[in-house]
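Colleague: Just work-v5.tsv, nothing more (TSV, C-alpha atoms and all ligand atoms):
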```tsv
chain	number	residue	atom	x	y	z
W	475	PRO	CA	88.49	129.75	92.82
W	476	SER	CA	86.66	126.43	92.57
W	477	GLY	CA	89.79	124.56	93.66
W	478	MET	CA	89.46	126.16	97.07
W	479	ALA	CA	86.11	124.52	97.68
W	480	LEU	CA	86.35	121.87	100.35
W	481	HIS	CA	85.59	118.30	99.38
W	482	GLY	CA	81.98	117.39	99.89
W	483	GLN	CA	80.79	120.90	100.69
W	484	SER	CA	79.36	121.57	97.26
W	485	PRO	CA	75.70	122.59	97.40
W	486	ASN	CA	75.09	120.63	94.18
W	487	VAL	CA	73.99	117.29	95.55
W	488	PRO	CA	73.77	114.94	92.54
W	489	PRO	CA	70.42	113.21	91.94
W	490	PRO	CA	70.20	109.56	93.12
W	491	GLY	CA	71.56	107.12	90.54
W	492	SER	CA	74.14	109.58	89.19
W	493	VAL	CA	77.52	108.18	88.17
W	494	LEU	CA	80.09	109.98	90.35
W	495	ILE	CA	83.46	109.70	88.69
W	496	ASN	CA	84.48	113.29	89.39
W	497	ALA	CA	86.43	113.29	92.66
W	498	ASN	CA	88.86	110.32	92.50
W	499	GLU	CA	86.97	108.58	95.27
W	500	ASN	CA	86.78	104.84	95.76
W	501	PRO	CA	83.40	103.31	94.93
W	502	LEU	CA	84.30	100.30	97.12
W	503	GLY	CA	84.05	102.47	100.25
W	504	PRO	CA	85.52	101.53	103.64
W	505	SER	CA	86.54	97.89	104.10
W	506	LYS	CA	84.45	95.57	106.26
W	507	ALA	CA	87.16	95.61	108.93
W	508	ALA	CA	87.10	99.43	108.93
W	509	LEU	CA	83.32	99.50	109.39
W	510	GLU	CA	83.57	97.01	112.26
W	511	ALA	CA	86.26	99.12	113.91
W	512	ILE	CA	84.02	102.19	113.67
W	513	ALA	CA	81.17	100.28	115.33
W	514	ARG	CA	83.58	99.09	118.04
W	515	VAL	CA	84.87	102.53	119.04
W	516	ALA	CA	81.81	104.69	118.41
W	517	PRO	CA	80.33	104.00	121.87
W	518	LEU	CA	83.56	105.30	123.45
W	519	ALA	CA	83.49	108.51	121.44
W	520	GLY	CA	82.20	110.62	124.31
W	521	ARG	CA	85.88	110.79	125.26
W	522	TYR	CA	88.59	112.29	123.08
W	523	ASP	CA	90.61	109.11	122.62
W	524	LEU	CA	90.19	106.79	125.57
W	525	ASN	CA	92.09	103.86	124.06
W	526	GLY	CA	94.83	105.86	122.35
W	527	GLU	CA	93.55	104.82	118.92
W	528	THR	CA	95.46	107.57	117.14
W	529	ASP	CA	98.76	106.66	118.77
W	530	LEU	CA	98.16	102.98	117.94
W	531	LEU	CA	97.52	103.93	114.33
W	532	ALA	CA	100.78	105.89	114.06
W	533	ARG	CA	102.68	103.02	115.66
W	534	THR	CA	101.12	100.46	113.36
W	535	PHE	CA	101.93	102.45	110.23
W	536	ALA	CA	105.47	103.19	111.43
W	537	ALA	CA	106.13	99.51	112.19
W	538	GLN	CA	104.79	98.44	108.79
W	539	SER	CA	106.89	101.09	107.03
W	540	GLY	CA	110.27	100.73	108.74
W	541	LEU	CA	109.84	104.08	110.48
W	542	LYS	CA	109.67	105.36	114.05
W	543	PRO	CA	106.32	106.52	115.50
W	544	GLU	CA	107.78	110.05	115.75
W	545	ASN	CA	108.04	110.08	111.95
W	546	VAL	CA	104.24	110.01	111.65
W	547	THR	CA	101.64	112.64	112.52
W	548	VAL	CA	98.01	111.64	112.05
W	549	TYR	CA	95.51	114.13	110.64
W	550	ALA	CA	91.87	114.06	109.58
W	551	GLY	CA	92.83	113.54	105.92
W	552	SER	CA	95.93	114.67	104.01
W	553	SER	CA	94.54	118.10	103.10
W	554	GLU	CA	95.47	119.47	106.52
W	555	PRO	CA	99.15	118.45	106.45
W	556	LEU	CA	99.34	119.52	102.80
W	557	HIS	CA	98.18	123.01	103.75
W	558	TYR	CA	100.27	123.19	106.90
W	559	SER	CA	103.43	122.06	105.11
W	560	VAL	CA	103.03	124.79	102.53
W	561	LEU	CA	102.19	127.41	105.19
W	562	ALA	CA	105.21	126.35	107.24
W	563	PHE	CA	107.79	126.27	104.46
W	564	THR	CA	106.71	129.05	102.08
W	565	SER	CA	106.58	132.82	102.63
W	566	PRO	CA	106.86	136.02	100.58
W	567	SER	CA	110.56	135.18	100.18
W	568	LYS	CA	110.23	131.35	99.80
W	569	SER	CA	108.34	130.16	96.77
W	570	PHE	CA	106.08	127.22	96.02
W	571	VAL	CA	107.14	125.16	93.00
W	572	THR	CA	104.57	122.84	91.47
W	573	ALA	CA	104.03	120.85	88.32
W	574	ASP	CA	101.32	121.98	85.91
W	575	PRO	CA	98.78	120.46	85.75
W	576	SER	CA	98.86	119.04	89.25
W	577	TYR	CA	96.77	118.96	92.43
W	578	GLU	CA	96.16	122.61	93.24
W	579	ALA	CA	95.42	122.66	96.98
W	580	GLY	CA	99.06	123.41	97.83
W	581	MET	CA	99.04	126.33	95.45
W	582	TYR	CA	96.09	127.86	97.28
W	583	ALA	CA	97.91	127.49	100.60
W	584	ALA	CA	100.90	129.22	99.00
W	585	MET	CA	98.61	132.13	98.07
W	586	THR	CA	97.73	132.42	101.77
W	587	SER	CA	101.48	132.56	102.48
W	588	ARG	CA	101.82	135.28	99.81
W	589	ALA	CA	104.52	133.10	98.33
W	590	LYS	CA	105.56	133.25	94.70
W	591	ILE	CA	104.03	130.33	92.82
W	592	VAL	CA	106.13	128.73	90.10
W	593	LYS	CA	104.31	126.34	87.77
W	594	VAL	CA	106.49	123.97	85.76
W	595	PRO	CA	104.76	122.06	82.92
W	596	LEU	CA	104.91	118.26	83.04
W	597	THR	CA	107.35	116.58	80.67
W	598	ALA	CA	106.13	115.17	77.34
W	599	ASP	CA	105.37	111.84	79.04
W	600	CYS	CA	103.60	113.63	81.91
W	601	ALA	CA	106.23	113.10	84.62
W	602	HIS	CA	107.29	115.96	86.87
W	603	ASP	CA	110.11	117.85	85.15
W	604	VAL	CA	112.34	117.61	88.21
W	605	LYS	CA	115.32	119.29	86.55
W	606	ALA	CA	113.22	122.34	85.69
W	607	MET	CA	111.48	122.31	89.08
W	608	VAL	CA	114.76	122.23	90.99
W	609	ALA	CA	116.19	125.00	88.79
W	610	ALA	CA	112.99	127.08	88.95
W	611	ASP	CA	113.90	129.22	91.96
W	612	PRO	CA	116.99	129.26	94.22
W	613	ASN	CA	114.67	130.60	96.96
W	614	ALA	CA	112.15	127.78	96.72
W	615	GLY	CA	110.55	126.81	100.03
W	616	VAL	CA	108.47	123.84	98.83
W	617	ILE	CA	108.84	121.70	95.74
W	618	TYR	CA	105.56	119.80	95.46
W	619	ILE	CA	105.63	116.41	93.75
W	620	CYS	CA	102.35	114.57	93.41
W	621	ASN	CA	103.17	110.95	92.58
W	622	PRO	CA	101.16	109.60	90.86
W	623	ASN	CA	100.02	112.97	89.66
W	624	ASN	CA	96.47	114.22	89.99
W	625	PRO	CA	94.90	114.86	87.42
W	626	THR	CA	96.93	112.83	84.89
W	627	GLY	CA	97.47	109.67	86.97
W	628	THR	CA	101.02	109.54	85.60
W	629	LEU	CA	104.24	108.61	87.38
W	630	THR	CA	107.50	110.32	88.21
W	631	THR	CA	110.40	107.92	88.75
W	632	LYS	CA	111.93	107.38	92.16
W	633	GLN	CA	115.28	108.14	90.58
W	634	ASP	CA	114.01	111.61	89.64
W	635	ILE	CA	112.64	112.22	93.13
W	636	VAL	CA	115.96	111.21	94.68
W	637	TRP	CA	117.75	113.45	92.19
W	638	ALA	CA	115.51	116.37	93.19
W	639	LEU	CA	116.28	115.76	96.87
W	640	ASP	CA	120.01	115.69	96.19
W	641	ASN	CA	120.00	118.81	94.01
W	642	LYS	CA	117.26	121.07	95.38
W	643	PRO	CA	118.03	124.50	96.85
W	644	ALA	CA	119.29	124.06	100.43
W	645	GLY	CA	116.35	125.92	101.98
W	646	ALA	CA	113.64	123.88	100.24
W	647	ILE	CA	111.80	120.76	101.24
W	648	LEU	CA	110.22	118.25	98.88
W	649	LEU	CA	106.53	117.71	99.59
W	650	VAL	CA	105.76	114.31	98.08
W	651	ASP	CA	102.02	113.66	97.85
W	652	GLU	CA	101.43	109.90	97.68
W	653	ALA	CA	97.62	110.02	97.88
W	654	TYR	CA	97.35	107.48	95.03
W	655	ILE	CA	100.63	105.53	95.39
W	656	HIS	CA	98.97	102.24	96.45
W	657	LEU	CA	97.10	102.06	93.17
W	658	THR	CA	100.38	101.89	91.22
W	659	ASP	CA	103.38	99.57	91.04
W	660	ALA	CA	105.69	102.51	91.74
W	661	PRO	CA	108.05	102.53	94.74
W	662	ASP	CA	107.17	104.97	97.52
W	663	THR	CA	109.55	107.39	99.25
W	664	LEU	CA	109.19	106.34	102.90
W	665	ASP	CA	112.76	104.98	102.90
W	666	LEU	CA	113.96	108.52	102.18
W	667	VAL	CA	112.20	109.69	105.35
W	668	ALA	CA	113.92	106.89	107.28
W	669	ALA	CA	117.20	108.11	105.78
W	670	GLY	CA	116.59	111.56	107.28
W	671	LYS	CA	116.17	113.49	104.03
W	672	ASP	CA	114.45	116.87	103.59
W	673	LEU	CA	111.02	115.65	102.56
W	674	ILE	CA	107.50	115.39	103.89
W	675	VAL	CA	105.43	112.51	102.49
W	676	LEU	CA	101.64	112.80	102.53
W	677	ARG	CA	99.38	109.76	102.76
W	678	THR	CA	95.60	109.51	102.85
W	679	PHE	CA	92.91	106.95	103.60
W	680	SER	CA	90.57	108.70	101.13
W	681	LYS	CA	91.65	106.77	98.04
W	682	ILE	CA	92.53	103.05	98.07
W	683	TYR	CA	91.09	102.66	101.57
W	684	GLY	CA	87.76	104.26	100.53
W	685	MET	CA	87.48	106.53	103.58
W	686	ALA	CA	87.14	110.00	101.99
W	687	GLY	CA	84.14	110.82	104.17
W	688	ILE	CA	85.69	109.40	107.35
W	689	ARG	CA	88.89	111.50	107.11
W	690	CYS	CA	92.32	110.16	107.95
W	691	GLY	CA	95.78	110.87	106.60
W	692	PHE	CA	99.43	111.23	107.59
W	693	ALA	CA	102.36	113.55	107.33
W	694	VAL	CA	105.47	111.36	107.35
W	695	ALA	CA	108.82	113.07	107.91
W	696	ARG	CA	111.73	113.77	110.23
W	697	PRO	CA	110.40	114.90	113.63
W	698	ASP	CA	111.96	118.37	113.26
W	699	LEU	CA	110.05	118.91	110.00
W	700	LEU	CA	106.79	117.62	111.49
W	701	ALA	CA	107.22	119.98	114.45
W	702	LYS	CA	107.04	122.92	112.03
W	703	LEU	CA	103.47	121.95	111.09
W	704	ALA	CA	102.19	121.87	114.68
W	705	PRO	CA	101.70	125.65	115.15
W	706	PHE	CA	99.10	125.66	112.35
W	707	GLY	CA	96.71	123.38	114.21
W	708	GLN	CA	96.69	120.32	116.44
W	709	ASN	CA	93.17	119.00	116.23
W	710	ALA	CA	92.09	115.81	117.99
W	711	MET	CA	91.40	112.94	115.61
W	712	PRO	CA	87.95	111.39	115.32
W	713	VAL	CA	88.49	108.06	117.10
W	714	THR	CA	86.34	106.38	114.46
W	715	ALA	CA	88.77	107.47	111.74
W	716	SER	CA	91.87	106.35	113.63
W	717	ALA	CA	90.35	102.96	114.43
W	718	ALA	CA	89.07	102.44	110.88
W	719	ALA	CA	92.45	103.41	109.42
W	720	ARG	CA	94.32	100.96	111.65
W	721	ALA	CA	91.88	98.17	110.79
W	722	SER	CA	92.46	98.95	107.11
W	723	LEU	CA	96.25	98.78	107.51
W	724	GLU	CA	95.95	95.47	109.31
W	725	GLU	CA	93.58	93.82	106.83
W	726	PRO	CA	95.63	91.32	104.81
W	727	GLY	CA	95.36	91.63	101.05
W	728	LEU	CA	93.16	94.73	101.10
W	729	VAL	CA	95.49	96.93	99.07
W	730	ALA	CA	96.35	94.22	96.53
W	731	THR	CA	92.70	93.26	95.98
W	732	ARG	CA	91.53	96.82	95.50
W	733	LYS	CA	94.49	97.72	93.33
W	734	LYS	CA	93.60	94.84	91.02
W	735	ILE	CA	89.89	95.69	90.85
W	736	ILE	CA	90.51	99.38	90.12
W	737	GLY	CA	93.45	98.60	87.80
W	738	ASP	CA	91.39	96.13	85.75
W	739	THR	CA	88.62	98.70	85.35
W	740	ARG	CA	91.10	101.39	84.38
W	741	ARG	CA	92.79	99.18	81.78
W	742	ASP	CA	89.42	98.22	80.32
W	743	THR	CA	88.28	101.85	80.10
W	744	LEU	CA	91.55	103.08	78.62
W	745	GLY	CA	91.45	100.23	76.07
W	746	TRP	CA	87.90	101.18	75.11
W	747	LEU	CA	88.81	104.85	74.73
W	748	LYS	CA	91.74	103.97	72.49
W	749	ALA	CA	89.70	101.52	70.41
W	750	ASN	CA	87.12	104.26	69.86
W	751	GLY	CA	89.67	106.82	68.73
W	752	PHE	CA	89.71	108.96	71.88
W	753	LYS	CA	93.00	110.37	73.11
W	754	VAL	CA	94.14	109.69	76.68
W	755	ILE	CA	96.98	111.91	77.93
W	756	GLY	CA	100.16	110.12	79.04
W	757	ASP	CA	100.21	106.67	80.65
W	758	PRO	CA	97.84	106.80	83.64
W	759	ARG	CA	98.52	104.24	86.40
W	760	THR	CA	95.99	105.10	89.09
W	761	ASN	CA	92.28	105.78	89.51
W	762	CYS	CA	92.15	108.88	87.31
W	763	PHE	CA	93.15	109.93	83.82
W	764	MET	CA	92.74	112.84	81.44
W	765	ILE	CA	91.10	112.65	78.04
W	766	ASP	CA	92.04	115.17	75.37
W	767	THR	CA	88.59	116.17	74.11
W	768	GLY	CA	89.90	118.41	71.34
W	769	ARG	CA	87.29	120.98	72.32
W	770	ASP	CA	86.27	122.99	75.38
W	771	GLY	CA	86.26	120.41	78.17
W	772	ARG	CA	83.69	122.33	80.19
W	773	GLY	CA	81.09	121.79	77.48
W	774	VAL	CA	81.83	118.05	77.54
W	775	ILE	CA	81.51	118.00	81.36
W	776	ALA	CA	78.14	119.80	81.19
W	777	ALA	CA	76.83	117.45	78.50
W	778	MET	CA	77.95	114.41	80.52
W	779	LYS	CA	76.29	115.81	83.64
W	780	ALA	CA	73.04	116.22	81.71
W	781	LYS	CA	73.24	112.44	81.13
W	782	GLY	CA	73.79	111.77	84.85
W	783	VAL	CA	77.53	111.09	84.54
W	784	TYR	CA	79.62	113.45	86.66
W	785	ILE	CA	83.21	113.63	85.48
W	786	GLY	CA	86.02	115.77	86.88
W	787	ARG	CA	87.18	119.08	85.64
W	788	THR	CA	89.54	120.82	83.27
W	789	TRP	CA	92.81	122.50	84.31
W	790	PRO	CA	93.65	126.04	83.12
W	791	ILE	CA	96.75	124.84	81.23
W	792	TRP	CA	94.65	122.22	79.37
W	793	PRO	CA	91.16	123.65	78.75
W	794	ASN	CA	90.49	120.94	76.15
W	795	ALA	CA	91.01	117.99	78.49
W	796	VAL	CA	88.82	116.48	81.20
W	797	ARG	CA	89.72	114.37	84.21
W	798	VAL	CA	87.78	111.15	84.71
W	799	SER	CA	87.97	108.93	87.83
W	800	VAL	CA	87.76	105.15	87.68
W	801	GLY	CA	84.45	103.92	89.10
W	802	THR	CA	82.92	100.45	89.17
W	803	PRO	CA	82.67	98.45	85.91
W	804	GLU	CA	78.93	99.29	85.84
W	805	GLU	CA	79.65	102.99	86.24
W	806	MET	CA	82.30	102.91	83.52
W	807	ALA	CA	79.84	101.14	81.21
W	808	LYS	CA	77.47	104.11	81.68
W	809	PHE	CA	80.39	106.48	81.18
W	810	LYS	CA	81.25	104.83	77.85
W	811	VAL	CA	77.70	105.15	76.49
W	812	ALA	CA	77.37	108.78	77.59
W	813	PHE	CA	80.84	109.82	76.45
W	814	LYS	CA	80.41	108.35	72.99
W	815	GLU	CA	77.08	110.15	72.57
W	816	VAL	CA	78.46	113.45	73.85
W	817	MET	CA	81.51	113.34	71.61
W	818	ALA	CA	79.40	112.40	68.57
W	819	ALA	CA	77.02	115.34	69.15
W	820	LYS	CA	77.80	118.93	68.25
W	821	PRO	CA	79.55	120.80	71.09
W	822	MET	CA	77.13	122.37	73.59
B	1	LIG	N1	96.36	115.03	97.57
B	1	LIG	C1	95.86	114.69	96.39
B	1	LIG	C2	96.77	114.48	95.26
B	1	LIG	C3	94.48	114.54	96.22
B	1	LIG	O1	94.00	114.22	95.03
B	1	LIG	C4	93.64	114.74	97.33
B	1	LIG	C5	92.17	114.61	97.19
B	1	LIG	O2	91.62	114.48	96.15
B	1	LIG	C6	94.21	115.10	98.54
B	1	LIG	C7	95.58	115.23	98.63
B	1	LIG	C8	93.41	115.40	99.76
B	1	LIG	O3	92.62	114.37	100.14
B	1	LIG	P1	92.23	114.08	101.66
B	1	LIG	O4	92.22	115.36	102.41
B	1	LIG	O5	90.89	113.46	101.55
B	1	LIG	O6	93.27	113.15	102.19
```
Here is the file; what I need is its structure written in the form of structure tokens.
Ligand code: PLP
Modeller:
Amino acid sequence: PSGMALHGQSPNVPPPGSVLINANENPLGPSKAALEAIARVAPLAGRYDLNGETDLLARTFAAQSGLKPENVTVYAGSSEPLHYSVLAFTSPSKSFVTADPSYEAGMYAAMTSRAKIVKVPLTADCAHDVKAMVAADPNAGVIYICNPNNPTGTLTTKQDIVWALDNKPAGAILLVDEAYIHLTDAPDTLDLVAAGKDLIVLRTFSKIYGMAGIRCGFAVARPDLLAKLAPFGQNAMPVTASAAARASLEEPGLVATRKKIIGDTRRDTLGWLKANGFKVIGDPRTNCFMIDTGRDGRGVIAAMKAKGVYIGRTWPIWPNAVRVSVGTPEEMAKFKVAFKEVMAAKPM
């Protein structure tokens, strides 16, 4: 399945000048401080981690988040801990419960576990239906909550997440994927980790920090839960990634500035779509959203690509909707022109 393809390993390299709003990346790229940190540590990279950059990163994040360093394991992106969490906590007798549509990588890991996969449709306002997810299977191993959700960019309330933790089957953990949380005004769930609850929170530097190609992320949880991930792989971190991530965390105002830039562009694009009679699904609050195209989304994607605008994909439950990522204002201007033309033309 296409969802199993690794990021950036597609053989289809887009022609120069293409608008790439298909992978929820950050067009702003790594911050200046991150690039300087990479230049600083690169000459030392003949050693695994001479300065303990990865440990310093975990300590910095823990201190900023009211956690202990042992609550944080650093990985080369959040895909690894996402997979390992699912492999560790699902099995043929412990299912994987996910919203639908949602980020599908966990589901593919659950297939490797030969776990039952239970897909629970989002609510009418595109939140996770936590009541239905918690009730879905008394033998659930993982209940996956992507907040904000990919692909819809919509939010699930903290109250609902807390409710799920308090009411889930005893043998299940909550896997809360906060890849996009910084782009929203929503509260995160790190305090629930500090409180010792049964959850693993995933964080990444691929989104607001613009480091998708540098690779850094965290699993944040109780040490006994994190220990369960270790048997699936304990790779050394690239020192460049650890140093760049710490520099990003320590850069004052970085998150707020980027959140505003991306939020302004999102609001402008959503306003334009509405004003032009296009239907956006739910109330997206991050750097991606879904448009109900009212016709086969794959045809729309192909027609957009022919105009040099790469948008994201459809989901099986919604074949007539396409995911679009928020790019720069210039990129979204090109998106608007192309999308209007494509939707005015006869379907391909
Ligand atoms: N989780 C979600 C919700 C994502 O959208 C992505 C990437 O698109 C990831 C996790 C994995 O990203 P990475 O491995 O770059 O941290």
Colleague: Find the nearest atom pair between each residue of chain W and ligand LIG 1 (chain B) for residues within 10 Å, count only C-alpha atoms and all ligand atoms, give distances in Å to one decimal, sort rows by chain and ascending number, and present the table as CSV.
Modeller:
```
residue,atom,partner,partner_atom,distance
W:Leu480,CA,B:LIG1,O4,9.0
W:His481,CA,B:LIG1,O5,7.5
W:Gly482,CA,B:LIG1,O5,9.9
W:Asn496,CA,B:LIG1,O2,9.9
W:Ala497,CA,B:LIG1,O2,6.4
W:Asn498,CA,B:LIG1,O2,6.2
W:Glu499,CA,B:LIG1,O2,7.6
W:Tyr549,CA,B:LIG1,O6,8.8
W:Ala550,CA,B:LIG1,O4,7.3
W:Gly551,CA,B:LIG1,O6,3.8
W:Ser552,CA,B:LIG1,O6,3.6
W:Ser553,CA,B:LIG1,O4,3.7
W:Glu554,CA,B:LIG1,O4,6.7
W:Pro555,CA,B:LIG1,O4,8.6
W:Leu556,CA,B:LIG1,C7,7.1
W:His557,CA,B:LIG1,C7,9.7
W:Ser576,CA,B:LIG1,C2,7.8
W:Tyr577,CA,B:LIG1,C2,5.3
W:Glu578,CA,B:LIG1,C2,8.4
W:Ala579,CA,B:LIG1,C7,7.6
W:Gly580,CA,B:LIG1,N1,8.8
W:Ile619,CA,B:LIG1,C2,9.2
W:Cys620,CA,B:LIG1,C2,5.9
W:Asn621,CA,B:LIG1,C2,7.8
W:Pro622,CA,B:LIG1,C2,7.9
W:Asn623,CA,B:LIG1,C2,6.6
W:Asn624,CA,B:LIG1,C2,5.3
W:Pro625,CA,B:LIG1,O1,7.7
W:Gly627,CA,B:LIG1,C2,9.6
W:Val650,CA,B:LIG1,C2,9.4
W:Asp651,CA,B:LIG1,N1,5.8
W:Glu652,CA,B:LIG1,C2,7.0
W:Ala653,CA,B:LIG1,N1,5.2
W:Tyr654,CA,B:LIG1,C2,7.0
W:Ile655,CA,B:LIG1,C2,9.7
W:Leu676,CA,B:LIG1,N1,7.6
W:Arg677,CA,B:LIG1,O6,7.0
W:Thr678,CA,B:LIG1,O6,4.4
W:Phe679,CA,B:LIG1,O6,6.4
W:Ser680,CA,B:LIG1,O5,4.8
W:Lys681,CA,B:LIG1,O5,7.6
W:Gly684,CA,B:LIG1,O5,9.8
W:Met685,CA,B:LIG1,O5,8.0
W:Ala686,CA,B:LIG1,O5,5.1
W:Gly687,CA,B:LIG1,O5,7.7
W:Ile688,CA,B:LIG1,O5,8.8
W:Arg689,CA,B:LIG1,O5,6.2
W:Cys690,CA,B:LIG1,O6,6.6
W:Gly691,CA,B:LIG1,O6,5.6
W:Phe692,CA,B:LIG1,O6,8.4
W:Cys762,CA,B:LIG1,O1,9.6
```
Colleague: Nearest to Leu648 of chain W: which of W:Lys506, W:Lys632, W:Arg759, W:Lys671 is it, counting all atoms listed in the file?
Modeller: W:Lys671
Colleague: Given only C-alpha atoms as the basis, pick out the residue of W:Ile775, W:Ala701, W:Ala717, W:Leu629 nearest to Glu544 of chain W.
Modeller: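 So, comparing all the options, the nearest one is W:Ala701.
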Colleague: Just checking: using only C-alpha atoms, which residue out of W:Asp529, W:Glu815, W:Glu805, W:Asp574 ends up closest to Pro501 of chain W?
Modeller: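 Under the stated criterion, the closest residue is W:Glu805.
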Colleague: Would you compute the distance between atom CA of Pro490 of chain W and atom CA of Met806 of chain W? Give it in Å to one decimal.
Modeller: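 Separating atom CA of Pro490 of chain W from atom CA of Met806 of chain W is a distance of 16.8 Å.
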Colleague: Closest to Met607 of chain W among W:Lys814, W:Lys642, W:Lys734, W:Arg797, using all atoms listed in the file?
Modeller: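 Using all atoms listed in the file, the shortest distance to Met607 of chain W belongs to W:Lys642.
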Colleague: Residues within 8 Å of (87.0, 103.6, 80.7), file coordinates, counting only C-alpha atoms: what are they? Give the list as a PyMOL selection string.
Modeller: chain W and resi 739-747+800+806-807+809-810
Colleague: Tell me which residues come within 8 Å of (118.9, 115.8, 101.6), as a list in words, counting all atoms listed in the file in the file's coordinates.
Modeller: Leu639, Asp640, Gly670, Lys671, Asp672 and Leu673 of chain W
Colleague: Which residue gives the smallest distance to Ile785 of chain W among W:Ala668, W:Val608, W:Leu699, W:Ile765, with all atoms listed in the file counted?
Modeller: W:Ile765
Colleague: Choose the residue, out of W:Asn500, W:Ser799, W:Thr626, W:Thr760, that has the smallest atom-to-atom separation from Ala573 of chain W; count all atoms listed in the file.
Modeller: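 Once distances to Ala573 of chain W are computed over all atoms listed in the file, the minimum belongs to W:Thr626.
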Colleague: How far is it from atom CA of Gly503 of chain W to atom CA of Asp523 of chain W, in Å with one decimal?
Modeller: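 Going from atom CA of Gly503 of chain W over to atom CA of Asp523 of chain W covers 24.2 Å.
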Colleague: So how far away is atom CA of Thr528 of chain W from atom CA of Val515 of chain W, in Å?
Modeller: 11.9 Å
Colleague: Working from the structure I just supplied, which lacks atoms in segment 509-514 of chain W, can you model all heavy atoms there and output them as a PDB file, keeping the file's coordinate frame?
Modeller:
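Just written: rebuild_6.pdb:
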```pdb
ATOM      1  N   LEU W 509      84.679  99.242 108.884  1.00  0.00           N
ATOM      2  CA  LEU W 509      83.320  99.500 109.390  1.00  0.00           C
ATOM      3  C   LEU W 509      83.121  98.860 110.764  1.00  0.00           C
ATOM      4  O   LEU W 509      82.497  99.460 111.660  1.00  0.00           O
ATOM      5  CB  LEU W 509      82.283  98.965 108.390  1.00  0.00           C
ATOM      6  CG  LEU W 509      82.246  99.698 107.047  1.00  0.00           C
ATOM      7  CD1 LEU W 509      81.304  98.992 106.070  1.00  0.00           C
ATOM      8  CD2 LEU W 509      81.829 101.155 107.227  1.00  0.00           C
ATOM      9  N   GLU W 510      83.687  97.667 110.942  1.00  0.00           N
ATOM     10  CA  GLU W 510      83.570  97.010 112.260  1.00  0.00           C
ATOM     11  C   GLU W 510      84.326  97.794 113.331  1.00  0.00           C
ATOM     12  O   GLU W 510      83.860  97.909 114.468  1.00  0.00           O
ATOM     13  CB  GLU W 510      84.100  95.572 112.162  1.00  0.00           C
ATOM     14  CG  GLU W 510      83.112  94.655 111.447  1.00  0.00           C
ATOM     15  CD  GLU W 510      83.705  93.296 111.050  1.00  0.00           C
ATOM     16  OE1 GLU W 510      84.893  93.029 111.381  1.00  0.00           O
ATOM     17  OE2 GLU W 510      82.978  92.537 110.405  1.00  0.00           O
ATOM     18  N   ALA W 511      85.480  98.338 112.944  1.00  0.00           N
ATOM     19  CA  ALA W 511      86.260  99.120 113.910  1.00  0.00           C
ATOM     20  C   ALA W 511      85.495 100.378 114.322  1.00  0.00           C
ATOM     21  O   ALA W 511      85.491 100.766 115.498  1.00  0.00           O
ATOM     22  CB  ALA W 511      87.616  99.494 113.305  1.00  0.00           C
ATOM     23  N   ILE W 512      84.823 100.999 113.361  1.00  0.00           N
ATOM     24  CA  ILE W 512      84.020 102.190 113.670  1.00  0.00           C
ATOM     25  C   ILE W 512      82.921 101.829 114.673  1.00  0.00           C
ATOM     26  O   ILE W 512      82.712 102.532 115.674  1.00  0.00           O
ATOM     27  CB  ILE W 512      83.424 102.795 112.382  1.00  0.00           C
ATOM     28  CG1 ILE W 512      84.544 103.412 111.536  1.00  0.00           C
ATOM     29  CG2 ILE W 512      82.342 103.834 112.701  1.00  0.00           C
ATOM     30  CD1 ILE W 512      84.123 103.820 110.142  1.00  0.00           C
ATOM     31  N   ALA W 513      82.253 100.712 114.423  1.00  0.00           N
ATOM     32  CA  ALA W 513      81.170 100.280 115.330  1.00  0.00           C
ATOM     33  C   ALA W 513      81.736  99.979 116.724  1.00  0.00           C
ATOM     34  O   ALA W 513      81.100 100.266 117.739  1.00  0.00           O
ATOM     35  CB  ALA W 513      80.479  99.055 114.753  1.00  0.00           C
ATOM     36  N   ARG W 514      82.969  99.438 116.748  1.00  0.00           N
ATOM     37  CA  ARG W 514      83.580  99.090 118.040  1.00  0.00           C
ATOM     38  C   ARG W 514      83.888 100.322 118.872  1.00  0.00           C
ATOM     39  O   ARG W 514      83.642 100.339 120.083  1.00  0.00           O
ATOM     40  CB  ARG W 514      84.880  98.289 117.773  1.00  0.00           C
ATOM     41  CG  ARG W 514      85.704  97.983 119.020  1.00  0.00           C
ATOM     42  CD  ARG W 514      86.931  97.116 118.707  1.00  0.00           C
ATOM     43  NE  ARG W 514      87.860  97.722 117.757  1.00  0.00           N
ATOM     44  CZ  ARG W 514      88.755  98.668 118.061  1.00  0.00           C
ATOM     45  NH1 ARG W 514      88.827  99.152 119.285  1.00  0.00           N
ATOM     46  NH2 ARG W 514      89.563  99.164 117.140  1.00  0.00           N
TER      47      ARG W 514
END
```
